[in-house]
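K.L.:
Structure file target00.tsv, TSV, N, CA and C atoms, is pasted below:
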chain	number	residue	atom	x	y	z
A	183	ASP	N	69.85	76.81	99.79
A	183	ASP	CA	70.34	76.10	98.62
A	183	ASP	C	69.28	75.09	98.21
A	184	LEU	N	69.16	74.82	96.93
A	184	LEU	CA	68.08	73.96	96.46
A	184	LEU	C	68.43	72.48	96.46
A	185	ASP	N	69.69	72.12	96.74
A	185	ASP	CA	70.03	70.70	96.76
A	185	ASP	C	70.27	70.18	98.18
A	186	ILE	N	69.65	70.82	99.14
A	186	ILE	CA	69.70	70.36	100.52
A	186	ILE	C	68.34	70.61	101.15
A	187	GLY	N	67.91	69.69	101.98
A	187	GLY	CA	66.61	69.85	102.63
A	187	GLY	C	66.71	69.57	104.11
A	188	CYS	N	65.80	70.12	104.85
A	188	CYS	CA	65.72	69.87	106.29
A	188	CYS	C	64.89	68.61	106.51
A	189	LEU	N	65.38	67.74	107.36
A	189	LEU	CA	64.64	66.53	107.69
A	189	LEU	C	63.50	66.92	108.62
A	190	GLY	N	62.29	66.61	108.22
A	190	GLY	CA	61.11	67.06	108.94
A	190	GLY	C	60.91	66.47	110.32
A	191	ASP	N	61.54	65.32	110.60
A	191	ASP	CA	61.33	64.70	111.90
A	191	ASP	C	62.37	65.12	112.94
A	192	ARG	N	63.15	66.13	112.63
A	192	ARG	CA	64.21	66.58	113.53
A	192	ARG	C	63.78	67.86	114.24
A	193	HIS	N	64.27	68.02	115.45
A	193	HIS	CA	64.06	69.26	116.20
A	193	HIS	C	65.32	70.09	116.10
A	194	TYR	N	65.17	71.33	115.76
A	194	TYR	CA	66.30	72.22	115.53
A	194	TYR	C	66.60	73.08	116.75
A	195	ASP	N	65.95	72.77	117.85
A	195	ASP	CA	66.10	73.58	119.06
A	195	ASP	C	67.55	73.66	119.52
A	196	ASP	N	68.29	72.53	119.45
A	196	ASP	CA	69.67	72.58	119.94
A	196	ASP	C	70.57	73.41	119.04
A	197	LEU	N	70.29	73.45	117.74
A	197	LEU	CA	71.04	74.34	116.86
A	197	LEU	C	70.75	75.80	117.21
A	198	ILE	N	69.51	76.11	117.39
A	198	ILE	CA	69.12	77.47	117.75
A	198	ILE	C	69.67	77.83	119.12
A	199	GLN	N	69.62	76.89	120.04
A	199	GLN	CA	70.15	77.13	121.38
A	199	GLN	C	71.64	77.42	121.34
A	200	SER	N	72.39	76.75	120.47
A	200	SER	CA	73.82	77.00	120.40
A	200	SER	C	74.10	78.43	119.95
A	201	LEU	N	73.23	78.99	119.12
A	201	LEU	CA	73.39	80.39	118.71
A	201	LEU	C	73.03	81.33	119.85
A	202	ASN	N	72.00	81.00	120.59
A	202	ASN	CA	71.53	81.86	121.67
A	202	ASN	C	72.38	81.76	122.93
A	203	SER	N	73.13	80.66	123.07
A	203	SER	CA	73.88	80.45	124.30
A	203	SER	C	75.15	81.30	124.35
A	204	SER	N	75.66	81.70	123.19
A	204	SER	CA	76.85	82.54	123.21
A	204	SER	C	76.44	83.93	123.68
A	205	LYS	N	77.36	84.60	124.36
A	205	LYS	CA	77.07	85.94	124.87
A	205	LYS	C	76.92	86.93	123.72
A	206	ALA	N	77.62	86.67	122.65
A	206	ALA	CA	77.54	87.55	121.48
A	206	ALA	C	76.51	86.99	120.51
A	207	LYS	N	76.19	87.77	119.53
A	207	LYS	CA	75.33	87.27	118.46
A	207	LYS	C	76.07	86.14	117.76
A	208	GLY	N	75.36	85.12	117.33
A	208	GLY	CA	76.01	83.98	116.72
A	208	GLY	C	75.57	83.75	115.30
A	209	ALA	N	76.46	83.14	114.53
A	209	ALA	CA	76.17	82.66	113.18
A	209	ALA	C	76.75	81.26	113.09
A	210	LEU	N	76.11	80.40	112.32
A	210	LEU	CA	76.51	79.00	112.24
A	210	LEU	C	76.54	78.58	110.77
A	211	PHE	N	77.70	78.09	110.33
A	211	PHE	CA	77.90	77.64	108.95
A	211	PHE	C	78.56	76.27	108.96
A	212	PRO	N	78.23	75.41	108.01
A	212	PRO	CA	78.87	74.09	107.97
A	212	PRO	C	80.29	74.17	107.42
A	213	LEU	N	81.16	73.34	107.96
A	213	LEU	CA	82.50	73.19	107.42
A	213	LEU	C	82.41	72.40	106.12
A	214	THR	N	83.34	72.66	105.21
A	214	THR	CA	83.35	71.93	103.95
A	214	THR	C	84.77	71.49	103.62
A	215	ASN	N	84.88	70.50	102.76
A	215	ASN	CA	86.18	70.01	102.31
A	215	ASN	C	86.52	70.66	100.99
A	216	PRO	N	87.76	70.97	100.73
A	216	PRO	CA	88.93	70.70	101.55
A	216	PRO	C	89.18	71.74	102.64
A	217	MET	N	88.48	72.89	102.59
A	217	MET	CA	88.68	73.90	103.62
A	217	MET	C	87.52	74.89	103.61
A	218	GLY	N	87.38	75.58	104.71
A	218	GLY	CA	86.43	76.68	104.76
A	218	GLY	C	85.01	76.27	105.10
A	219	PHE	N	84.09	77.16	104.75
A	219	PHE	CA	82.68	76.98	105.06
A	219	PHE	C	81.87	76.76	103.79
A	220	SER	N	80.79	76.04	103.95
A	220	SER	CA	79.81	75.90	102.88
A	220	SER	C	78.71	76.91	103.12
A	221	ASN	N	78.03	77.31	102.06
A	221	ASN	CA	76.98	78.31	102.21
A	221	ASN	C	75.60	77.76	101.83
A	222	ASP	N	75.45	76.45	101.82
A	222	ASP	CA	74.13	75.92	101.46
A	222	ASP	C	73.17	75.87	102.63
A	223	VAL	N	73.68	75.99	103.85
A	223	VAL	CA	72.85	76.10	105.04
A	223	VAL	C	73.48	77.18	105.91
A	224	MET	N	72.68	78.16	106.31
A	224	MET	CA	73.22	79.23	107.15
A	224	MET	C	72.21	79.56	108.25
A	225	PHE	N	72.71	79.69	109.47
A	225	PHE	CA	71.91	80.13	110.60
A	225	PHE	C	72.59	81.37	111.16
A	226	ALA	N	71.79	82.33	111.60
A	226	ALA	CA	72.37	83.51	112.24
A	226	ALA	C	71.32	84.18	113.12
A	227	SER	N	71.81	84.80	114.17
A	227	SER	CA	70.91	85.60	115.00
A	227	SER	C	70.51	86.85	114.22
A	228	LYS	N	69.46	87.46	114.65
A	228	LYS	CA	68.92	88.64	113.96
A	228	LYS	C	69.99	89.75	113.89
A	229	ASN	N	70.10	90.34	112.70
A	229	ASN	CA	71.03	91.45	112.45
A	229	ASN	C	72.49	91.08	112.71
A	230	HIS	N	72.84	89.82	112.45
A	230	HIS	CA	74.23	89.42	112.66
A	230	HIS	C	75.16	90.22	111.74
A	231	PRO	N	76.23	90.81	112.27
A	231	PRO	CA	77.09	91.67	111.45
A	231	PRO	C	77.79	90.94	110.29
A	232	PHE	N	78.13	89.66	110.47
A	232	PHE	CA	78.80	88.94	109.38
A	232	PHE	C	77.86	88.73	108.21
A	233	LEU	N	76.60	88.40	108.46
A	233	LEU	CA	75.65	88.27	107.36
A	233	LEU	C	75.46	89.61	106.66
A	234	GLY	N	75.41	90.69	107.43
A	234	GLY	CA	75.33	92.01	106.82
A	234	GLY	C	76.52	92.32	105.94
A	235	GLN	N	77.70	91.93	106.42
A	235	GLN	CA	78.92	92.14	105.63
A	235	GLN	C	78.87	91.32	104.33
A	236	LEU	N	78.42	90.07	104.42
A	236	LEU	CA	78.32	89.24	103.22
A	236	LEU	C	77.39	89.89	102.20
A	237	ILE	N	76.24	90.34	102.66
A	237	ILE	CA	75.27	90.97	101.75
A	237	ILE	C	75.86	92.24	101.14
A	238	ASP	N	76.54	93.05	101.95
A	238	ASP	CA	77.14	94.28	101.44
A	238	ASP	C	78.22	94.01	100.40
A	239	ASN	N	78.92	92.87	100.52
A	239	ASN	CA	80.02	92.55	99.60
A	239	ASN	C	79.57	91.88	98.31
A	240	LEU	N	78.33	91.44	98.24
A	240	LEU	CA	77.86	90.77	97.02
A	240	LEU	C	78.03	91.61	95.76
A	241	PRO	N	77.67	92.90	95.75
A	241	PRO	CA	77.84	93.68	94.51
A	241	PRO	C	79.30	93.75	94.04
A	242	LYS	N	80.25	93.79	94.97
A	242	LYS	CA	81.67	93.85	94.60
A	242	LYS	C	82.14	92.57	93.92
A	243	LYS	N	81.52	91.46	94.27
A	243	LYS	CA	81.92	90.16	93.71
A	243	LYS	C	81.08	89.75	92.50
A	244	ASN	N	80.15	90.57	92.10
A	244	ASN	CA	79.30	90.29	90.95
A	244	ASN	C	80.06	90.57	89.67
A	245	ARG	N	80.93	89.63	89.32
A	245	ARG	CA	81.75	89.77	88.11
A	245	ARG	C	82.15	88.40	87.59
A	246	TRP	N	82.74	88.38	86.43
A	246	TRP	CA	83.19	87.16	85.76
A	246	TRP	C	84.58	86.78	86.27
A	247	PHE	N	84.76	85.54	86.68
A	247	PHE	CA	86.04	85.06	87.17
A	247	PHE	C	86.74	84.14	86.18
A	248	GLY	N	86.36	84.20	84.92
A	248	GLY	CA	87.05	83.47	83.87
A	248	GLY	C	86.43	82.16	83.47
A	249	LEU	N	85.80	81.46	84.39
A	249	LEU	CA	85.13	80.20	84.13
A	249	LEU	C	83.83	80.16	84.93
A	250	PRO	N	82.81	79.45	84.44
A	250	PRO	CA	81.53	79.41	85.18
A	250	PRO	C	81.68	78.92	86.62
A	251	TYR	N	82.41	77.84	86.82
A	251	TYR	CA	82.58	77.29	88.17
A	251	TYR	C	83.25	78.29	89.10
A	252	LEU	N	84.34	78.90	88.63
A	252	LEU	CA	85.06	79.87	89.45
A	252	LEU	C	84.19	81.09	89.74
A	253	THR	N	83.37	81.48	88.79
A	253	THR	CA	82.50	82.63	89.00
A	253	THR	C	81.53	82.39	90.15
A	254	VAL	N	80.90	81.23	90.17
A	254	VAL	CA	79.98	80.92	91.27
A	254	VAL	C	80.76	80.74	92.57
A	255	LEU	N	81.84	80.02	92.52
A	255	LEU	CA	82.64	79.73	93.72
A	255	LEU	C	83.08	81.01	94.43
A	256	TYR	N	83.54	82.01	93.67
A	256	TYR	CA	84.09	83.23	94.27
A	256	TYR	C	83.09	84.37	94.38
A	257	SER	N	81.99	84.34	93.63
A	257	SER	CA	81.06	85.47	93.68
A	257	SER	C	79.98	85.29	94.73
A	258	THR	N	79.49	84.08	94.91
A	258	THR	CA	78.45	83.82	95.92
A	258	THR	C	78.64	82.49	96.63
A	259	GLY	N	79.61	81.70	96.23
A	259	GLY	CA	79.76	80.35	96.73
A	259	GLY	C	80.65	80.21	97.96
A	260	PRO	N	81.10	79.00	98.21
A	260	PRO	CA	81.88	78.71	99.42
A	260	PRO	C	83.16	79.54	99.57
A	261	MET	N	83.85	79.83	98.49
A	261	MET	CA	85.06	80.64	98.61
A	261	MET	C	84.73	82.08	98.97
A	262	PHE	N	83.62	82.59	98.47
A	262	PHE	CA	83.17	83.93	98.85
A	262	PHE	C	82.97	83.98	100.37
A	263	LEU	N	82.28	83.01	100.89
A	263	LEU	CA	82.01	82.94	102.33
A	263	LEU	C	83.30	82.75	103.12
A	264	SER	N	84.13	81.81	102.71
A	264	SER	CA	85.35	81.49	103.45
A	264	SER	C	86.36	82.63	103.42
A	265	LEU	N	86.52	83.28	102.28
A	265	LEU	CA	87.44	84.42	102.20
A	265	LEU	C	86.92	85.60	103.01
A	266	SER	N	85.63	85.80	103.03
A	266	SER	CA	85.04	86.86	103.86
A	266	SER	C	85.32	86.58	105.33
A	267	TYR	N	85.17	85.33	105.73
A	267	TYR	CA	85.44	84.95	107.11
A	267	TYR	C	86.92	85.18	107.46
A	268	SER	N	87.80	84.88	106.53
A	268	SER	CA	89.24	85.02	106.80
A	268	SER	C	89.65	86.47	107.05
A	269	LYS	N	88.84	87.41	106.61
A	269	LYS	CA	89.15	88.84	106.80
A	269	LYS	C	88.61	89.40	108.11
A	270	LEU	N	87.89	88.58	108.88
A	270	LEU	CA	87.34	89.03	110.15
A	270	LEU	C	88.42	89.11	111.22
A	271	SER	N	88.23	89.99	112.19
A	271	SER	CA	89.12	90.05	113.35
A	271	SER	C	88.86	88.82	114.22
A	272	SER	N	89.73	88.56	115.16
A	272	SER	CA	89.53	87.40	116.03
A	272	SER	C	88.26	87.55	116.87
A	273	ASP	N	87.94	88.78	117.28
A	273	ASP	CA	86.69	89.00	118.02
A	273	ASP	C	85.48	88.68	117.14
A	274	GLU	N	85.52	89.10	115.87
A	274	GLU	CA	84.42	88.83	114.95
A	274	GLU	C	84.32	87.34	114.64
A	275	ARG	N	85.47	86.69	114.50
A	275	ARG	CA	85.47	85.25	114.23
A	275	ARG	C	84.87	84.45	115.38
A	276	SER	N	85.01	84.95	116.58
A	276	SER	CA	84.46	84.24	117.73
A	276	SER	C	82.94	84.20	117.70
A	277	GLN	N	82.31	85.02	116.88
A	277	GLN	CA	80.86	85.05	116.75
A	277	GLN	C	80.35	84.18	115.61
A	278	VAL	N	81.28	83.52	114.90
A	278	VAL	CA	80.92	82.63	113.79
A	278	VAL	C	81.29	81.22	114.20
A	279	LEU	N	80.29	80.36	114.27
A	279	LEU	CA	80.49	79.00	114.73
A	279	LEU	C	80.50	78.03	113.56
A	280	ALA	N	81.26	76.96	113.71
A	280	ALA	CA	81.33	75.93	112.67
A	280	ALA	C	80.36	74.81	113.01
A	281	MET	N	79.55	74.44	112.04
A	281	MET	CA	78.62	73.32	112.19
A	281	MET	C	79.42	72.03	111.99
A	282	SER	N	79.37	71.16	112.95
A	282	SER	CA	80.17	69.94	112.88
A	282	SER	C	79.70	69.03	111.74
A	283	PRO	N	80.60	68.23	111.20
A	283	PRO	CA	80.22	67.29	110.14
A	283	PRO	C	79.15	66.31	110.58
A	284	GLU	N	79.09	65.97	111.86
A	284	GLU	CA	78.06	65.05	112.34
A	284	GLU	C	76.65	65.62	112.15
A	285	ILE	N	76.54	66.91	112.21
A	285	ILE	CA	75.24	67.56	112.03
A	285	ILE	C	74.95	67.80	110.55
A	286	TYR	N	75.99	68.13	109.78
A	286	TYR	CA	75.79	68.60	108.41
A	286	TYR	C	76.04	67.56	107.33
A	287	SER	N	77.09	66.78	107.46
A	287	SER	CA	77.56	65.97	106.34
A	287	SER	C	76.59	64.89	105.91
A	288	GLN	N	76.74	64.47	104.69
A	288	GLN	CA	75.84	63.47	104.11
A	288	GLN	C	75.94	62.14	104.85
A	289	SER	N	77.14	61.75	105.23
A	289	SER	CA	77.27	60.48	105.95
A	289	SER	C	76.97	60.73	107.42
A	290	GLY	N	75.89	60.13	107.89
A	290	GLY	CA	75.50	60.29	109.28
A	290	GLY	C	74.85	61.63	109.59
A	291	THR	N	74.26	62.25	108.59
A	291	THR	CA	73.65	63.56	108.84
A	291	THR	C	72.54	63.46	109.88
A	292	ARG	N	72.44	64.49	110.65
A	292	ARG	CA	71.45	64.51	111.71
A	292	ARG	C	70.26	65.40	111.35
A	293	TYR	N	70.50	66.44	110.61
A	293	TYR	CA	69.46	67.44	110.35
A	293	TYR	C	69.11	67.64	108.89
A	294	PHE	N	70.00	67.27	107.98
A	294	PHE	CA	69.82	67.67	106.58
A	294	PHE	C	69.86	66.49	105.63
A	295	ASN	N	69.12	66.61	104.57
A	295	ASN	CA	69.10	65.63	103.50
A	295	ASN	C	69.77	66.25	102.29
A	296	HIS	N	70.88	65.68	101.88
A	296	HIS	CA	71.62	66.20	100.73
A	296	HIS	C	71.09	65.54	99.46
A	297	LEU	N	70.63	66.35	98.54
A	297	LEU	CA	70.04	65.88	97.30
A	297	LEU	C	71.05	65.99	96.16
A	298	GLN	N	70.77	65.33	95.06
A	298	GLN	CA	71.62	65.46	93.89
A	298	GLN	C	71.50	66.89	93.38
A	299	GLY	N	72.61	67.55	93.21
A	299	GLY	CA	72.57	68.95	92.80
A	299	GLY	C	73.80	69.33	92.02
A	300	SER	N	74.48	70.35	92.52
A	300	SER	CA	75.67	70.90	91.87
A	300	SER	C	75.36	71.38	90.45
A	301	THR	N	74.21	72.01	90.28
A	301	THR	CA	73.84	72.50	88.95
A	301	THR	C	74.77	73.59	88.46
A	302	TRP	N	75.52	74.21	89.34
A	302	TRP	CA	76.46	75.24	88.93
A	302	TRP	C	77.79	74.65	88.48
A	303	TRP	N	77.93	73.35	88.61
A	303	TRP	CA	79.13	72.68	88.12
A	303	TRP	C	78.99	72.47	86.63
A	304	SER	N	79.96	72.93	85.89
A	304	SER	CA	79.98	72.75	84.45
A	304	SER	C	81.18	71.88	84.09
A	305	ILE	N	81.47	71.80	82.84
A	305	ILE	CA	82.59	70.98	82.37
A	305	ILE	C	83.91	71.46	82.97
A	306	ASP	N	84.02	72.76	83.26
A	306	ASP	CA	85.26	73.29	83.84
A	306	ASP	C	85.49	72.72	85.25
A	307	ALA	N	84.45	72.55	86.04
A	307	ALA	CA	84.59	71.98	87.38
A	307	ALA	C	84.96	70.51	87.29
A	308	LYS	N	84.34	69.79	86.39
A	308	LYS	CA	84.64	68.37	86.24
A	308	LYS	C	86.07	68.17	85.78
A	309	PHE	N	86.54	69.04	84.90
A	309	PHE	CA	87.93	68.96	84.44
A	309	PHE	C	88.89	69.26	85.59
A	310	GLY	N	88.56	70.24	86.40
A	310	GLY	CA	89.39	70.58	87.54
A	310	GLY	C	89.48	69.45	88.55
A	311	GLN	N	88.38	68.77	88.78
A	311	GLN	CA	88.39	67.62	89.69
A	311	GLN	C	89.22	66.49	89.10
A	312	TRP	N	89.12	66.29	87.80
A	312	TRP	CA	89.90	65.24	87.15
A	312	TRP	C	91.38	65.52	87.26
A	313	MET	N	91.76	66.80	87.20
A	313	MET	CA	93.17	67.19	87.30
A	313	MET	C	93.74	66.89	88.69
A	314	LEU	N	92.88	66.98	89.72
A	314	LEU	CA	93.36	66.73	91.09
A	314	LEU	C	93.52	65.25	91.28
Take the structure in this file and express it as structure tokens.
P.N.:
Amino acid sequence: DLDIGCLGDRHYDDLIQSLNSSKAKGALFPLTNPMGFSNDVMFASKNHPFLGQLIDNLPKKNRWFGLPYLTVLYSTGPMFLSLSYSKLSSDERSQVLAMSPEIYSQSGTRYFNHLQGSTWWSIDAKFGQWML
């Protein structure tokens, strides 16, 4: 994602080690609010089946969802990722790890620098937030 950067003075060995320490192939995605996973940072072991599934499902989701924000959210964004995860079996879910907020989130981030972004947010997203 273009609105997040890796902090250059950090060592990513422990993130990589957490993927390698599981007996199965691992994938690591940050948790997001209010639910699910974010897709702006993704780690996975080589040939991870969930990443393959995500890539295979992209053409099916390449369509208009009625509003620009919803189109991005459901075609390639966090809801695409989270809904794909929800369809996994429990064995498959055990191979997908959640990145803790302490590592990912803007407040107290350990590895990432969150930049001003959200270029895919249009007036429809701002209106939706105002409604909540």
K.L.:
Residues at most 8 Å from Leu297 of chain A, counting only C-alpha atoms, excluding those fewer than 5 positions away in the same chain, as a PDB file with N, CA and C atoms, in the frame of the given file?
P.N.:
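Dumped everything to part_2.pdb:
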ATOM      1  N   ASP A 185      69.690  72.120  96.740  1.00  0.00           N
ATOM      2  CA  ASP A 185      70.030  70.700  96.760  1.00  0.00           C
ATOM      3  C   ASP A 185      70.270  70.180  98.180  1.00  0.00           C
ATOM      4  N   ILE A 186      69.650  70.820  99.140  1.00  0.00           N
ATOM      5  CA  ILE A 186      69.700  70.360 100.520  1.00  0.00           C
ATOM      6  C   ILE A 186      68.340  70.610 101.150  1.00  0.00           C
ATOM      7  N   GLY A 187      67.910  69.690 101.980  1.00  0.00           N
ATOM      8  CA  GLY A 187      66.610  69.850 102.630  1.00  0.00           C
ATOM      9  C   GLY A 187      66.710  69.570 104.110  1.00  0.00           C
TER      10      GLY A 187
END
K.L.:
With distances taken over all atoms listed in the file, which residue among A:His193, A:Lys243, A:Lys228, A:Asp273 lies nearest Gly208 of chain A?
P.N.:
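With all atoms listed in the file as the atom set, the closest residue is A:Lys228.
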K.L.:
I need the strand (DSSP E) residues of segment 184-300 of chain A per DSSP on the backbone, written as a PyMOL selection string.
P.N.:
chain A and resi 186-188+209-212+225-226+278-281+294-296
K.L.:
Give me the residues within 8 Å of Met224 of chain A as a list in words, counting only N, CA and C atoms and dropping any in the same chain fewer than 3 places off.
P.N.:
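Neighbouring residues, sequence-local ones excluded: Asp183, Ala209, Leu210, Phe211, Pro212, Ser220, Asn221 and Ser227 of chain A.
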K.L.:
Given the selection you just returned, output its residues as a file containing N, CA and C atoms, formatted as a PDB file, keeping the file's coordinate frame.
P.N.:
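Dumped to result.pdb:
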ATOM      1  N   ASP A 183      69.850  76.810  99.790  1.00  0.00           N
ATOM      2  CA  ASP A 183      70.340  76.100  98.620  1.00  0.00           C
ATOM      3  C   ASP A 183      69.280  75.090  98.210  1.00  0.00           C
ATOM      4  N   ALA A 209      76.460  83.140 114.530  1.00  0.00           N
ATOM      5  CA  ALA A 209      76.170  82.660 113.180  1.00  0.00           C
ATOM      6  C   ALA A 209      76.750  81.260 113.090  1.00  0.00           C
ATOM      7  N   LEU A 210      76.110  80.400 112.320  1.00  0.00           N
ATOM      8  CA  LEU A 210      76.510  79.000 112.240  1.00  0.00           C
ATOM      9  C   LEU A 210      76.540  78.580 110.770  1.00  0.00           C
ATOM     10  N   PHE A 211      77.700  78.090 110.330  1.00  0.00           N
ATOM     11  CA  PHE A 211      77.900  77.640 108.950  1.00  0.00           C
ATOM     12  C   PHE A 211      78.560  76.270 108.960  1.00  0.00           C
ATOM     13  N   PRO A 212      78.230  75.410 108.010  1.00  0.00           N
ATOM     14  CA  PRO A 212      78.870  74.090 107.970  1.00  0.00           C
ATOM     15  C   PRO A 212      80.290  74.170 107.420  1.00  0.00           C
ATOM     16  N   SER A 220      80.790  76.040 103.950  1.00  0.00           N
ATOM     17  CA  SER A 220      79.810  75.900 102.880  1.00  0.00           C
ATOM     18  C   SER A 220      78.710  76.910 103.120  1.00  0.00           C
ATOM     19  N   ASN A 221      78.030  77.310 102.060  1.00  0.00           N
ATOM     20  CA  ASN A 221      76.980  78.310 102.210  1.00  0.00           C
ATOM     21  C   ASN A 221      75.600  77.760 101.830  1.00  0.00           C
ATOM     22  N   SER A 227      71.810  84.800 114.170  1.00  0.00           N
ATOM     23  CA  SER A 227      70.910  85.600 115.000  1.00  0.00           C
ATOM     24  C   SER A 227      70.510  86.850 114.220  1.00  0.00           C
TER      25      SER A 227
END
K.L.:
Mind giving me the straight-line distance from atom C of Phe232 of chain A to atom N of Lys269 of chain A in Å, one decimal?
P.N.:
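Interatomic distance here is 11.2 Å.
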K.L.:
Separation of atom N of Gly218 of chain A and atom N of Gly248 of chain A, in Å?
P.N.:
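Atom-to-atom, atom N of Gly218 of chain A and atom N of Gly248 of chain A are spaced 21.6 Å apart.
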K.L.:
What separation in Å, quoted to one decimal, exists between atom CA of Pro283 of chain A and atom CA of Thr214 of chain A?
P.N.:
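The value is 8.3 Å.
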